[in-house]
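J.: This is the structure, below, for whatever I ask next.
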2 protein chains.
Amino acid sequence: MDQVKQFNDYLNRKGLKTTSQRMIILETFLESDSHYSTEDLYLKLRAEYPKIGYATVHRTLKLFAECGIAAERNFGDGQTRFEPIDAEGHHDHLVCTECGLIIEFEEPQIEELQKTAAAAHKFTIESHRLELYGRCAACVAAGD
Amino acid sequence: MDQVKQFNDYLNRKGLKTTSQRMIILETFLESDSHYSTEDLYLKLRAEYPKIGYATVHRTLKLFAECGIAAERNFGDGQTRFEPIDAEGHHDHLVCTECGLIIEFEEPQIEELQKTAAAAHKFTIESHRLELYGRCAACVAAGD
DNA sequence: TAGTTTATGAAAATCGTTTTCAATATCTCA
DNA sequence: TGAGATATTGAAAACGATTTTCATAAACTA
């Protein structure tokens with residue numbers, strides 16, 4: 001697990017400590033490729049580790065984002081979600097406005113065009129977010 | 001002003017009322033092409049119309065979004081922003097992570113590719129958001 | 001291992017947003 | 001036009017997600 005190393009390196013570099021909670025949260029976070037809100041992950045953890053507090057989960061998720069193993073996302077429902085950043089590459093999201101389904105997709109050509117657009121405005125890109133909102137096949141089929 | 005008509009039509013259709021506050025807020029909102037948070041617009045209005053309350057500003061911005069003359073945006077700073085939708089067409093955003101500068105840009109080719117990606121997953125697209133985060137020319141020039 | 005520093009969990013505080021409610025304004029139609 | 005019905009307003013309270021506080025516990029350093 002490369003991400004475990006990346007997290008530990010970050011902790012050391014910042015003079016932070018390796019605690020059992022942080023390791024448990026990291027492990028659980030990486031197990032699934034879901035888009036976790038603090039609440040989601042807290043509830044999932046609570047089943048097995050009832051002692052871990054909500055604040056700790058939230059603080060740890062923020063740490064993940066800081067050290068680059070998680071991305072913070074906001075799909076407009078008022079909750080911040082975190083998802084593991086897989087080393088391979090970036091992906092974007094299709095969000096169903098009816099059932100909430102989230103599908104990930106990749107489109108390298110779009111990435112290229114983004115670079116072009118940024119260059120036209122002399123911007124140095126660090127990151128981006130692209131979300132397409134609409135209705136998934138199932139919801140369309142089910143009618144309104 | 002086409003947008004004024006669009007707003008009034010919406011109010012009539014929904015059985016809502018045309019009030020002086022709503023007209024003032026609409027006028028002020030359209031005057032500038034900024035990306036207003038409720039707070040921003042409330043403060044701007046307060047200078048000239050100190051009687052207008054925060055809740056009214058917020059409720060009215062939501063109405064603008066509902067009737068299609070404003071778009072709700074979230075650039076990750078924890079505040080929802082509203083911007084007028086100009087009839088011409090859609091645009092996306094470049095956001096400077098250092099100074100907060102927001103630049104609008106259009107890239108029709110990206111829109112095309114989005115349709116392709118959505119079709120591949122049988123999604124019916126209703127809307128999308130694309131934001132590129134990075135550093136603007138001035139901030140890059142100023143060094144870190 | 002003692003001493004120092006950081007982390008934890010529970011509760012409280014905070015921030016943006018939304019709702020409540022009594023008073024006020026708008027609209028309808030006689 | 002003007003009374004009655006209905007929606008809107010503004011202030012304050014409620015709300016939900018996030019962040020902070022603080023005393024206790026755990027991890028690291030030498």
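By convention in this document, the chains of the structure tokens carry letters A, B, ... by their order, each chain's residues are numbered from 1, and ligands are numbered from 1 in the order they are shown.
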List the spatial neighbours of DG16 in chain D as a list in words - criterion: any atom at most 12 Å away, only C-alpha atoms (C1' of nucleotides), same-chain residues fewer than 2 positions off excluded.
T.: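 So the residues in contact are Glu39, Asp77, Gly78 and Gln79 of chain A; DT14, DC15, DG16, DT17 and DT18 of chain C; DA14 and DT18 of chain D.
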J.: Would you kindly report the residues of chain B within 7 Å of chain A, using only C-alpha atoms, as a PyMOL selection string?
T.: chain B and resi 110+113+122-137
J.: Could those selected residues go to a file with N, CA and C atoms, as a CSV table (one decimal), in the first residue's frame?
T.:
```csv
chain,number,residue,atom,x,y,z
B,110,ILE,N,-15.1,21.1,-25.4
B,110,ILE,CA,-15.2,20.4,-24.1
B,110,ILE,C,-16.7,20.0,-24.0
B,113,LEU,N,-17.4,16.9,-25.9
B,113,LEU,CA,-16.8,15.7,-25.4
B,113,LEU,C,-17.6,15.2,-24.2
B,122,LYS,N,-25.0,6.2,-20.8
B,122,LYS,CA,-26.5,6.4,-21.0
B,122,LYS,C,-27.1,7.4,-20.0
B,123,PHE,N,-26.3,8.4,-19.8
B,123,PHE,CA,-26.8,9.5,-18.9
B,123,PHE,C,-27.4,10.6,-19.8
B,124,THR,N,-28.5,11.2,-19.3
B,124,THR,CA,-29.1,12.3,-20.0
B,124,THR,C,-28.7,13.6,-19.2
B,125,ILE,N,-27.9,14.4,-19.8
B,125,ILE,CA,-27.3,15.5,-19.1
B,125,ILE,C,-28.2,16.7,-19.0
B,126,GLU,N,-28.3,17.2,-17.8
B,126,GLU,CA,-29.1,18.4,-17.6
B,126,GLU,C,-28.2,19.7,-17.4
B,127,SER,N,-27.1,19.5,-16.8
B,127,SER,CA,-26.2,20.6,-16.6
B,127,SER,C,-24.8,20.0,-16.2
B,128,HIS,N,-23.9,20.9,-16.1
B,128,HIS,CA,-22.5,20.5,-15.7
B,128,HIS,C,-21.8,21.6,-15.0
B,129,ARG,N,-20.7,21.3,-14.4
B,129,ARG,CA,-19.8,22.3,-13.9
B,129,ARG,C,-18.4,21.9,-14.1
B,130,LEU,N,-17.6,22.8,-14.5
B,130,LEU,CA,-16.2,22.6,-14.8
B,130,LEU,C,-15.4,23.8,-14.2
B,131,GLU,N,-14.5,23.5,-13.3
B,131,GLU,CA,-13.7,24.5,-12.7
B,131,GLU,C,-12.2,24.1,-12.8
B,132,LEU,N,-11.4,25.0,-13.2
B,132,LEU,CA,-10.0,24.7,-13.2
B,132,LEU,C,-9.3,25.5,-12.1
B,133,TYR,N,-8.6,24.9,-11.2
B,133,TYR,CA,-8.0,25.6,-10.1
B,133,TYR,C,-6.5,25.7,-10.3
B,134,GLY,N,-6.0,26.8,-10.0
B,134,GLY,CA,-4.5,27.0,-10.2
B,134,GLY,C,-4.1,28.4,-9.8
B,135,ARG,N,-3.1,28.9,-10.4
B,135,ARG,CA,-2.6,30.2,-10.1
B,135,ARG,C,-2.6,31.1,-11.3
B,136,CYS,N,-3.1,32.3,-11.1
B,136,CYS,CA,-3.3,33.2,-12.3
B,136,CYS,C,-1.9,33.8,-12.6
B,137,ALA,N,-1.8,34.4,-13.8
B,137,ALA,CA,-0.5,34.9,-14.2
B,137,ALA,C,0.1,35.9,-13.2
```
J.: Show me, as a VMD selection string, the residues that have an atom within 12 Å of DG3 in chain C when counting only C-alpha atoms (C1' of nucleotides), minus same-chain residues fewer than 3 positions from it.
T.: chain D and resid 28 to 30
J.: With all heavy atoms retained, export the selected residues as a PDB file, in the first residue's frame.
T.:
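Result went into part01.pdb, see below:
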```pdb
ATOM      1  P    DC D  28       4.448   7.405  17.383  1.00  0.00           P
ATOM      2  OP1  DC D  28       4.213   7.730  15.962  1.00  0.00           O
ATOM      3  OP2  DC D  28       4.663   6.017  17.824  1.00  0.00           O
ATOM      4  O5'  DC D  28       5.676   8.281  17.874  1.00  0.00           O
ATOM      5  C5'  DC D  28       5.721   9.655  17.509  1.00  0.00           C
ATOM      6  C4'  DC D  28       6.659  10.380  18.447  1.00  0.00           C
ATOM      7  O4'  DC D  28       6.313  10.079  19.812  1.00  0.00           O
ATOM      8  C3'  DC D  28       8.132   9.986  18.291  1.00  0.00           C
ATOM      9  O3'  DC D  28       8.803  11.154  17.852  1.00  0.00           O
ATOM     10  C2'  DC D  28       8.556   9.521  19.690  1.00  0.00           C
ATOM     11  C1'  DC D  28       7.492  10.152  20.586  1.00  0.00           C
ATOM     12  N1   DC D  28       7.206   9.490  21.886  1.00  0.00           N
ATOM     13  C2   DC D  28       7.455  10.183  23.077  1.00  0.00           C
ATOM     14  O2   DC D  28       7.953  11.322  23.015  1.00  0.00           O
ATOM     15  N3   DC D  28       7.163   9.600  24.262  1.00  0.00           N
ATOM     16  C4   DC D  28       6.625   8.378  24.294  1.00  0.00           C
ATOM     17  N4   DC D  28       6.346   7.850  25.502  1.00  0.00           N
ATOM     18  C5   DC D  28       6.351   7.639  23.107  1.00  0.00           C
ATOM     19  C6   DC D  28       6.646   8.228  21.926  1.00  0.00           C
ATOM     20  P    DT D  29      10.372  11.080  17.469  1.00  0.00           P
ATOM     21  OP1  DT D  29      10.594  12.053  16.370  1.00  0.00           O
ATOM     22  OP2  DT D  29      10.758   9.671  17.311  1.00  0.00           O
ATOM     23  O5'  DT D  29      11.087  11.647  18.772  1.00  0.00           O
ATOM     24  C5'  DT D  29      10.673  12.904  19.315  1.00  0.00           C
ATOM     25  C4'  DT D  29      11.579  13.241  20.489  1.00  0.00           C
ATOM     26  O4'  DT D  29      11.125  12.547  21.667  1.00  0.00           O
ATOM     27  C3'  DT D  29      13.041  12.853  20.275  1.00  0.00           C
ATOM     28  O3'  DT D  29      13.847  13.933  20.709  1.00  0.00           O
ATOM     29  C2'  DT D  29      13.225  11.598  21.128  1.00  0.00           C
ATOM     30  C1'  DT D  29      12.204  11.834  22.255  1.00  0.00           C
ATOM     31  N1   DT D  29      11.595  10.624  22.881  1.00  0.00           N
ATOM     32  C2   DT D  29      11.396  10.623  24.245  1.00  0.00           C
ATOM     33  O2   DT D  29      11.709  11.541  24.971  1.00  0.00           O
ATOM     34  N3   DT D  29      10.791   9.481  24.734  1.00  0.00           N
ATOM     35  C4   DT D  29      10.393   8.370  24.022  1.00  0.00           C
ATOM     36  O4   DT D  29       9.863   7.439  24.590  1.00  0.00           O
ATOM     37  C5   DT D  29      10.651   8.442  22.592  1.00  0.00           C
ATOM     38  C7   DT D  29      10.258   7.286  21.728  1.00  0.00           C
ATOM     39  C6   DT D  29      11.233   9.544  22.088  1.00  0.00           C
ATOM     40  P    DA D  30      15.407  13.959  20.348  1.00  0.00           P
ATOM     41  OP1  DA D  30      15.715  15.322  19.872  1.00  0.00           O
ATOM     42  OP2  DA D  30      15.737  12.773  19.520  1.00  0.00           O
ATOM     43  O5'  DA D  30      16.078  13.745  21.764  1.00  0.00           O
ATOM     44  C5'  DA D  30      15.609  14.479  22.917  1.00  0.00           C
ATOM     45  C4'  DA D  30      16.221  13.830  24.137  1.00  0.00           C
ATOM     46  O4'  DA D  30      15.452  12.650  24.491  1.00  0.00           O
ATOM     47  C3'  DA D  30      17.647  13.338  23.916  1.00  0.00           C
ATOM     48  O3'  DA D  30      18.399  13.499  25.116  1.00  0.00           O
ATOM     49  C2'  DA D  30      17.483  11.861  23.630  1.00  0.00           C
ATOM     50  C1'  DA D  30      16.323  11.538  24.558  1.00  0.00           C
ATOM     51  N9   DA D  30      15.568  10.337  24.223  1.00  0.00           N
ATOM     52  C8   DA D  30      15.445   9.727  23.001  1.00  0.00           C
ATOM     53  N7   DA D  30      14.708   8.652  23.018  1.00  0.00           N
ATOM     54  C5   DA D  30      14.314   8.545  24.343  1.00  0.00           C
ATOM     55  C6   DA D  30      13.507   7.628  25.016  1.00  0.00           C
ATOM     56  N6   DA D  30      12.923   6.582  24.424  1.00  0.00           N
ATOM     57  N1   DA D  30      13.310   7.822  26.336  1.00  0.00           N
ATOM     58  C2   DA D  30      13.892   8.866  26.936  1.00  0.00           C
ATOM     59  N3   DA D  30      14.673   9.802  26.396  1.00  0.00           N
ATOM     60  C4   DA D  30      14.835   9.586  25.086  1.00  0.00           C
TER      61       DA D  30
END
```
J.: Which residue is closest to chain C? Choose from A:Leu30, A:Ile102, A:Tyr49, A:Thr56 and count only C-alpha atoms (C1' of nucleotides).
T.: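 Distance minimum relative to chain C lands on A:Thr56.
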J.: From a DSSP calculation on the backbone, collect every residue of range 10-126 of chain A in alpha helix (DSSP H) and output the set as a VMD selection string.
T.: chain A and resid 10 to 14 20 to 31 38 to 48 54 to 67 108 to 120
J.: With a cut-off of 9 Å, could you pull out the residues of chain D touching chain B and give me the nearest pair of atoms for each, distance in Å to one decimal, using only C-alpha atoms (C1' of nucleotides), ordered by chain and ascending number, as a Markdown table?
T.:
```
| residue | atom | partner | partner_atom | distance |
| --- | --- | --- | --- | --- |
| D:DA7 | C1' | B:Leu16 | CA | 6.6 |
| D:DT8 | C1' | B:Lys17 | CA | 7.9 |
| D:DT9 | C1' | B:Thr56 | CA | 7.1 |
| D:DG10 | C1' | B:Gly53 | CA | 5.5 |
| D:DA11 | C1' | B:Gly53 | CA | 8.3 |
```
J.: Just how far from C1' of DA25 in chain D is CA of Phe29 in chain A, in Å to one decimal?
T.: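 Answer for the CA of Phe29 in chain A to C1' of DA25 in chain D separation: 24.5 Å.
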J.: May I have the residues within 9 Å of range 19-22 of chain C as a PyMOL selection string, using only C-alpha atoms (C1' of nucleotides) and disregarding those fewer than 3 positions away in the same chain?
T.: chain D and resi 12-15
J.: Take the selection from the previous step and output its residues with all heavy atoms, as a PDB file, in the first residue's frame.
T.:
```
ATOM      1  P    DA D  12     -33.574  40.845  16.156  1.00  0.00           P
ATOM      2  OP1  DA D  12     -33.577  41.667  17.378  1.00  0.00           O
ATOM      3  OP2  DA D  12     -32.361  40.754  15.305  1.00  0.00           O
ATOM      4  O5'  DA D  12     -34.036  39.367  16.516  1.00  0.00           O
ATOM      5  C5'  DA D  12     -35.413  39.102  16.758  1.00  0.00           C
ATOM      6  C4'  DA D  12     -35.601  37.601  16.872  1.00  0.00           C
ATOM      7  O4'  DA D  12     -35.672  37.004  15.554  1.00  0.00           O
ATOM      8  C3'  DA D  12     -34.460  36.893  17.605  1.00  0.00           C
ATOM      9  O3'  DA D  12     -35.016  35.918  18.467  1.00  0.00           O
ATOM     10  C2'  DA D  12     -33.658  36.265  16.471  1.00  0.00           C
ATOM     11  C1'  DA D  12     -34.771  35.924  15.483  1.00  0.00           C
ATOM     12  N9   DA D  12     -34.317  35.800  14.097  1.00  0.00           N
ATOM     13  C8   DA D  12     -33.388  36.560  13.444  1.00  0.00           C
ATOM     14  N7   DA D  12     -33.193  36.199  12.189  1.00  0.00           N
ATOM     15  C5   DA D  12     -34.047  35.123  12.017  1.00  0.00           C
ATOM     16  C6   DA D  12     -34.322  34.294  10.916  1.00  0.00           C
ATOM     17  N6   DA D  12     -33.730  34.428   9.729  1.00  0.00           N
ATOM     18  N1   DA D  12     -35.245  33.318  11.081  1.00  0.00           N
ATOM     19  C2   DA D  12     -35.843  33.186  12.271  1.00  0.00           C
ATOM     20  N3   DA D  12     -35.673  33.906  13.383  1.00  0.00           N
ATOM     21  C4   DA D  12     -34.749  34.867  13.178  1.00  0.00           C
ATOM     22  P    DA D  13     -34.105  35.041  19.422  1.00  0.00           P
ATOM     23  OP1  DA D  13     -34.626  35.248  20.789  1.00  0.00           O
ATOM     24  OP2  DA D  13     -32.681  35.282  19.099  1.00  0.00           O
ATOM     25  O5'  DA D  13     -34.472  33.558  18.968  1.00  0.00           O
ATOM     26  C5'  DA D  13     -35.841  33.234  18.713  1.00  0.00           C
ATOM     27  C4'  DA D  13     -35.896  31.930  17.953  1.00  0.00           C
ATOM     28  O4'  DA D  13     -35.435  32.137  16.597  1.00  0.00           O
ATOM     29  C3'  DA D  13     -35.017  30.829  18.552  1.00  0.00           C
ATOM     30  O3'  DA D  13     -35.784  29.640  18.611  1.00  0.00           O
ATOM     31  C2'  DA D  13     -33.834  30.756  17.588  1.00  0.00           C
ATOM     32  C1'  DA D  13     -34.472  31.153  16.262  1.00  0.00           C
ATOM     33  N9   DA D  13     -33.570  31.751  15.272  1.00  0.00           N
ATOM     34  C8   DA D  13     -32.684  32.771  15.456  1.00  0.00           C
ATOM     35  N7   DA D  13     -32.014  33.106  14.366  1.00  0.00           N
ATOM     36  C5   DA D  13     -32.498  32.235  13.405  1.00  0.00           C
ATOM     37  C6   DA D  13     -32.203  32.069  12.035  1.00  0.00           C
ATOM     38  N6   DA D  13     -31.306  32.809  11.378  1.00  0.00           N
ATOM     39  N1   DA D  13     -32.863  31.119  11.359  1.00  0.00           N
ATOM     40  C2   DA D  13     -33.773  30.373  12.020  1.00  0.00           C
ATOM     41  N3   DA D  13     -34.141  30.433  13.302  1.00  0.00           N
ATOM     42  C4   DA D  13     -33.463  31.393  13.949  1.00  0.00           C
ATOM     43  P    DA D  14     -35.102  28.256  18.966  1.00  0.00           P
ATOM     44  OP1  DA D  14     -36.144  27.446  19.635  1.00  0.00           O
ATOM     45  OP2  DA D  14     -33.787  28.509  19.598  1.00  0.00           O
ATOM     46  O5'  DA D  14     -34.844  27.611  17.534  1.00  0.00           O
ATOM     47  C5'  DA D  14     -35.930  27.469  16.631  1.00  0.00           C
ATOM     48  C4'  DA D  14     -35.489  26.628  15.450  1.00  0.00           C
ATOM     49  O4'  DA D  14     -34.576  27.384  14.630  1.00  0.00           O
ATOM     50  C3'  DA D  14     -34.769  25.331  15.824  1.00  0.00           C
ATOM     51  O3'  DA D  14     -35.285  24.336  14.969  1.00  0.00           O
ATOM     52  C2'  DA D  14     -33.304  25.657  15.555  1.00  0.00           C
ATOM     53  C1'  DA D  14     -33.400  26.622  14.385  1.00  0.00           C
ATOM     54  N9   DA D  14     -32.321  27.598  14.236  1.00  0.00           N
ATOM     55  C8   DA D  14     -31.757  28.379  15.207  1.00  0.00           C
ATOM     56  N7   DA D  14     -30.831  29.203  14.745  1.00  0.00           N
ATOM     57  C5   DA D  14     -30.796  28.938  13.379  1.00  0.00           C
ATOM     58  C6   DA D  14     -30.034  29.478  12.326  1.00  0.00           C
ATOM     59  N6   DA D  14     -29.120  30.438  12.483  1.00  0.00           N
ATOM     60  N1   DA D  14     -30.234  28.989  11.085  1.00  0.00           N
ATOM     61  C2   DA D  14     -31.160  28.026  10.922  1.00  0.00           C
ATOM     62  N3   DA D  14     -31.942  27.443  11.829  1.00  0.00           N
ATOM     63  C4   DA D  14     -31.702  27.959  13.050  1.00  0.00           C
ATOM     64  P    DC D  15     -34.902  22.803  15.124  1.00  0.00           P
ATOM     65  OP1  DC D  15     -36.094  22.004  14.777  1.00  0.00           O
ATOM     66  OP2  DC D  15     -34.220  22.648  16.440  1.00  0.00           O
ATOM     67  O5'  DC D  15     -33.811  22.589  13.988  1.00  0.00           O
ATOM     68  C5'  DC D  15     -34.070  23.109  12.684  1.00  0.00           C
ATOM     69  C4'  DC D  15     -32.840  22.989  11.842  1.00  0.00           C
ATOM     70  O4'  DC D  15     -32.021  24.157  12.012  1.00  0.00           O
ATOM     71  C3'  DC D  15     -31.937  21.802  12.183  1.00  0.00           C
ATOM     72  O3'  DC D  15     -32.110  20.845  11.148  1.00  0.00           O
ATOM     73  C2'  DC D  15     -30.516  22.379  12.190  1.00  0.00           C
ATOM     74  C1'  DC D  15     -30.697  23.807  11.706  1.00  0.00           C
ATOM     75  N1   DC D  15     -29.844  24.832  12.349  1.00  0.00           N
ATOM     76  C2   DC D  15     -28.986  25.592  11.555  1.00  0.00           C
ATOM     77  O2   DC D  15     -28.950  25.369  10.341  1.00  0.00           O
ATOM     78  N3   DC D  15     -28.226  26.550  12.137  1.00  0.00           N
ATOM     79  C4   DC D  15     -28.298  26.758  13.441  1.00  0.00           C
ATOM     80  N4   DC D  15     -27.544  27.721  13.955  1.00  0.00           N
ATOM     81  C5   DC D  15     -29.165  25.984  14.276  1.00  0.00           C
ATOM     82  C6   DC D  15     -29.913  25.027  13.700  1.00  0.00           C
TER      83       DC D  15
END
```
J.: List the neighbours of range 35-38 of chain B out to 6 Å using only C-alpha atoms (C1' of nucleotides); skip same-chain residues closer than 6 positions along the sequence, and give me the result as a VMD selection string.
T.: chain B and resid 58 80 to 83
J.: Could you tell me how far CA of Asn12 in chain B sits from C1' of DG2 in chain D, in Å to one decimal place?
T.: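 Interatomic distance here is 22.6 Å.
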J.: When you get a sec, could you note down which chain C residues fall within 8 Å of chain B, using only C-alpha atoms (C1' of nucleotides), as a CSV table (one decimal) with C-alpha atoms (C1' of nucleotides), in the first residue's frame?
T.:
```csv
chain,number,residue,atom,x,y,z
C,16,DG,C1',-23.7,29.4,6.3
C,25,DA,C1',-47.8,44.1,1.4
C,26,DT,C1',-49.7,42.3,-2.9
C,27,DC,C1',-53.3,40.6,-5.6
```
J.: If you run DSSP on the backbone here, which positions in chain B get strand (DSSP E)? Please write them as a ChimeraX atom specification.
T.: /B:36-37,70-74,80-84,92-96,102-105,124-135
J.: Take the residues from that selection and put them in a file with N, CA, C and O atoms, as a CSV table (one decimal), in the first residue's frame.
T.:
```csv
chain,number,residue,atom,x,y,z
B,36,TYR,N,-21.9,36.4,-6.7
B,36,TYR,CA,-22.4,36.9,-5.4
B,36,TYR,C,-22.7,35.7,-4.4
B,36,TYR,O,-23.5,34.8,-4.8
B,37,SER,N,-22.2,35.8,-3.2
B,37,SER,CA,-22.8,35.0,-2.2
B,37,SER,C,-23.9,35.8,-1.6
B,37,SER,O,-24.1,37.0,-1.9
B,70,ALA,N,-30.3,32.6,-12.7
B,70,ALA,CA,-29.0,32.6,-12.0
B,70,ALA,C,-28.6,31.1,-11.8
B,70,ALA,O,-29.4,30.2,-11.8
B,71,ALA,N,-27.3,31.0,-11.7
B,71,ALA,CA,-26.7,29.6,-11.5
B,71,ALA,C,-26.0,29.6,-10.1
B,71,ALA,O,-25.4,30.6,-9.7
B,72,GLU,N,-26.3,28.6,-9.4
B,72,GLU,CA,-25.6,28.4,-8.1
B,72,GLU,C,-24.3,27.7,-8.3
B,72,GLU,O,-24.2,26.7,-9.0
B,73,ARG,N,-23.3,28.3,-7.7
B,73,ARG,CA,-21.9,27.7,-7.8
B,73,ARG,C,-21.3,27.6,-6.4
B,73,ARG,O,-21.6,28.3,-5.5
B,74,ASN,N,-20.4,26.7,-6.4
B,74,ASN,CA,-19.6,26.4,-5.1
B,74,ASN,C,-18.2,26.2,-5.5
B,74,ASN,O,-17.8,25.2,-6.0
B,80,THR,N,-22.0,29.4,-1.0
B,80,THR,CA,-22.7,29.3,-2.3
B,80,THR,C,-22.7,30.6,-3.0
B,80,THR,O,-23.0,31.6,-2.3
B,81,ARG,N,-22.3,30.6,-4.2
B,81,ARG,CA,-22.4,31.9,-5.0
B,81,ARG,C,-23.4,31.8,-6.1
B,81,ARG,O,-23.6,30.7,-6.6
B,82,PHE,N,-23.9,32.9,-6.5
B,82,PHE,CA,-24.9,33.0,-7.6
B,82,PHE,C,-24.4,33.9,-8.6
B,82,PHE,O,-23.8,35.0,-8.3
B,83,GLU,N,-24.6,33.5,-9.9
B,83,GLU,CA,-24.2,34.4,-11.0
B,83,GLU,C,-25.2,34.4,-12.0
B,83,GLU,O,-25.9,33.4,-12.3
B,84,PRO,N,-25.4,35.6,-12.6
B,84,PRO,CA,-26.5,35.7,-13.7
B,84,PRO,C,-26.1,34.8,-14.8
B,84,PRO,O,-24.9,34.6,-15.2
B,92,ASP,N,-17.4,28.3,-18.3
B,92,ASP,CA,-16.8,27.6,-17.1
B,92,ASP,C,-15.9,28.6,-16.4
B,92,ASP,O,-15.8,29.7,-16.8
B,93,HIS,N,-15.2,28.1,-15.4
B,93,HIS,CA,-14.4,29.0,-14.5
B,93,HIS,C,-13.0,28.5,-14.3
B,93,HIS,O,-12.7,27.4,-14.1
B,94,LEU,N,-12.1,29.5,-14.3
B,94,LEU,CA,-10.7,29.4,-13.8
B,94,LEU,C,-10.7,30.1,-12.5
B,94,LEU,O,-11.1,31.2,-12.4
B,95,VAL,N,-10.2,29.4,-11.5
B,95,VAL,CA,-10.2,30.0,-10.1
B,95,VAL,C,-8.8,30.0,-9.6
B,95,VAL,O,-8.1,29.0,-9.5
B,96,CYS,N,-8.3,31.2,-9.3
B,96,CYS,CA,-6.9,31.3,-8.7
B,96,CYS,C,-7.0,30.9,-7.2
B,96,CYS,O,-7.7,31.6,-6.4
B,102,ILE,N,-11.5,35.0,-10.3
B,102,ILE,CA,-12.3,34.1,-11.1
B,102,ILE,C,-12.4,34.6,-12.5
B,102,ILE,O,-12.8,35.7,-12.7
B,103,ILE,N,-12.0,33.8,-13.4
B,103,ILE,CA,-12.1,34.1,-14.9
B,103,ILE,C,-13.0,33.2,-15.5
B,103,ILE,O,-13.0,32.0,-15.2
B,104,GLU,N,-13.9,33.7,-16.4
B,104,GLU,CA,-14.8,32.8,-17.1
B,104,GLU,C,-14.2,32.5,-18.5
B,104,GLU,O,-13.5,33.3,-19.1
B,105,PHE,N,-14.5,31.3,-18.9
B,105,PHE,CA,-14.0,30.9,-20.3
B,105,PHE,C,-15.0,30.0,-20.9
B,105,PHE,O,-15.8,29.4,-20.2
B,124,THR,N,-28.5,11.2,-19.3
B,124,THR,CA,-29.1,12.3,-20.0
B,124,THR,C,-28.7,13.6,-19.2
B,124,THR,O,-29.0,13.7,-18.0
B,125,ILE,N,-27.9,14.4,-19.8
B,125,ILE,CA,-27.3,15.5,-19.1
B,125,ILE,C,-28.2,16.7,-19.0
B,125,ILE,O,-28.9,17.0,-19.9
B,126,GLU,N,-28.3,17.2,-17.8
B,126,GLU,CA,-29.1,18.4,-17.6
B,126,GLU,C,-28.2,19.7,-17.4
B,126,GLU,O,-28.5,20.7,-17.8
B,127,SER,N,-27.1,19.5,-16.8
B,127,SER,CA,-26.2,20.6,-16.6
B,127,SER,C,-24.8,20.0,-16.2
B,127,SER,O,-24.6,18.8,-16.0
B,128,HIS,N,-23.9,20.9,-16.1
B,128,HIS,CA,-22.5,20.5,-15.7
B,128,HIS,C,-21.8,21.6,-15.0
B,128,HIS,O,-22.2,22.8,-15.1
B,129,ARG,N,-20.7,21.3,-14.4
B,129,ARG,CA,-19.8,22.3,-13.9
B,129,ARG,C,-18.4,21.9,-14.1
B,129,ARG,O,-18.0,20.7,-13.9
B,130,LEU,N,-17.6,22.8,-14.5
B,130,LEU,CA,-16.2,22.6,-14.8
B,130,LEU,C,-15.4,23.8,-14.2
B,130,LEU,O,-15.7,24.9,-14.5
B,131,GLU,N,-14.5,23.5,-13.3
B,131,GLU,CA,-13.7,24.5,-12.7
B,131,GLU,C,-12.2,24.1,-12.8
B,131,GLU,O,-11.9,22.9,-12.4
B,132,LEU,N,-11.4,25.0,-13.2
B,132,LEU,CA,-10.0,24.7,-13.2
B,132,LEU,C,-9.3,25.5,-12.1
B,132,LEU,O,-9.5,26.7,-12.1
B,133,TYR,N,-8.6,24.9,-11.2
B,133,TYR,CA,-8.0,25.6,-10.1
B,133,TYR,C,-6.5,25.7,-10.3
B,133,TYR,O,-5.9,24.7,-10.7
B,134,GLY,N,-6.0,26.8,-10.0
B,134,GLY,CA,-4.5,27.0,-10.2
B,134,GLY,C,-4.1,28.4,-9.8
B,134,GLY,O,-4.8,29.0,-9.0
B,135,ARG,N,-3.1,28.9,-10.4
B,135,ARG,CA,-2.6,30.2,-10.1
B,135,ARG,C,-2.6,31.1,-11.3
B,135,ARG,O,-2.2,30.7,-12.4
```
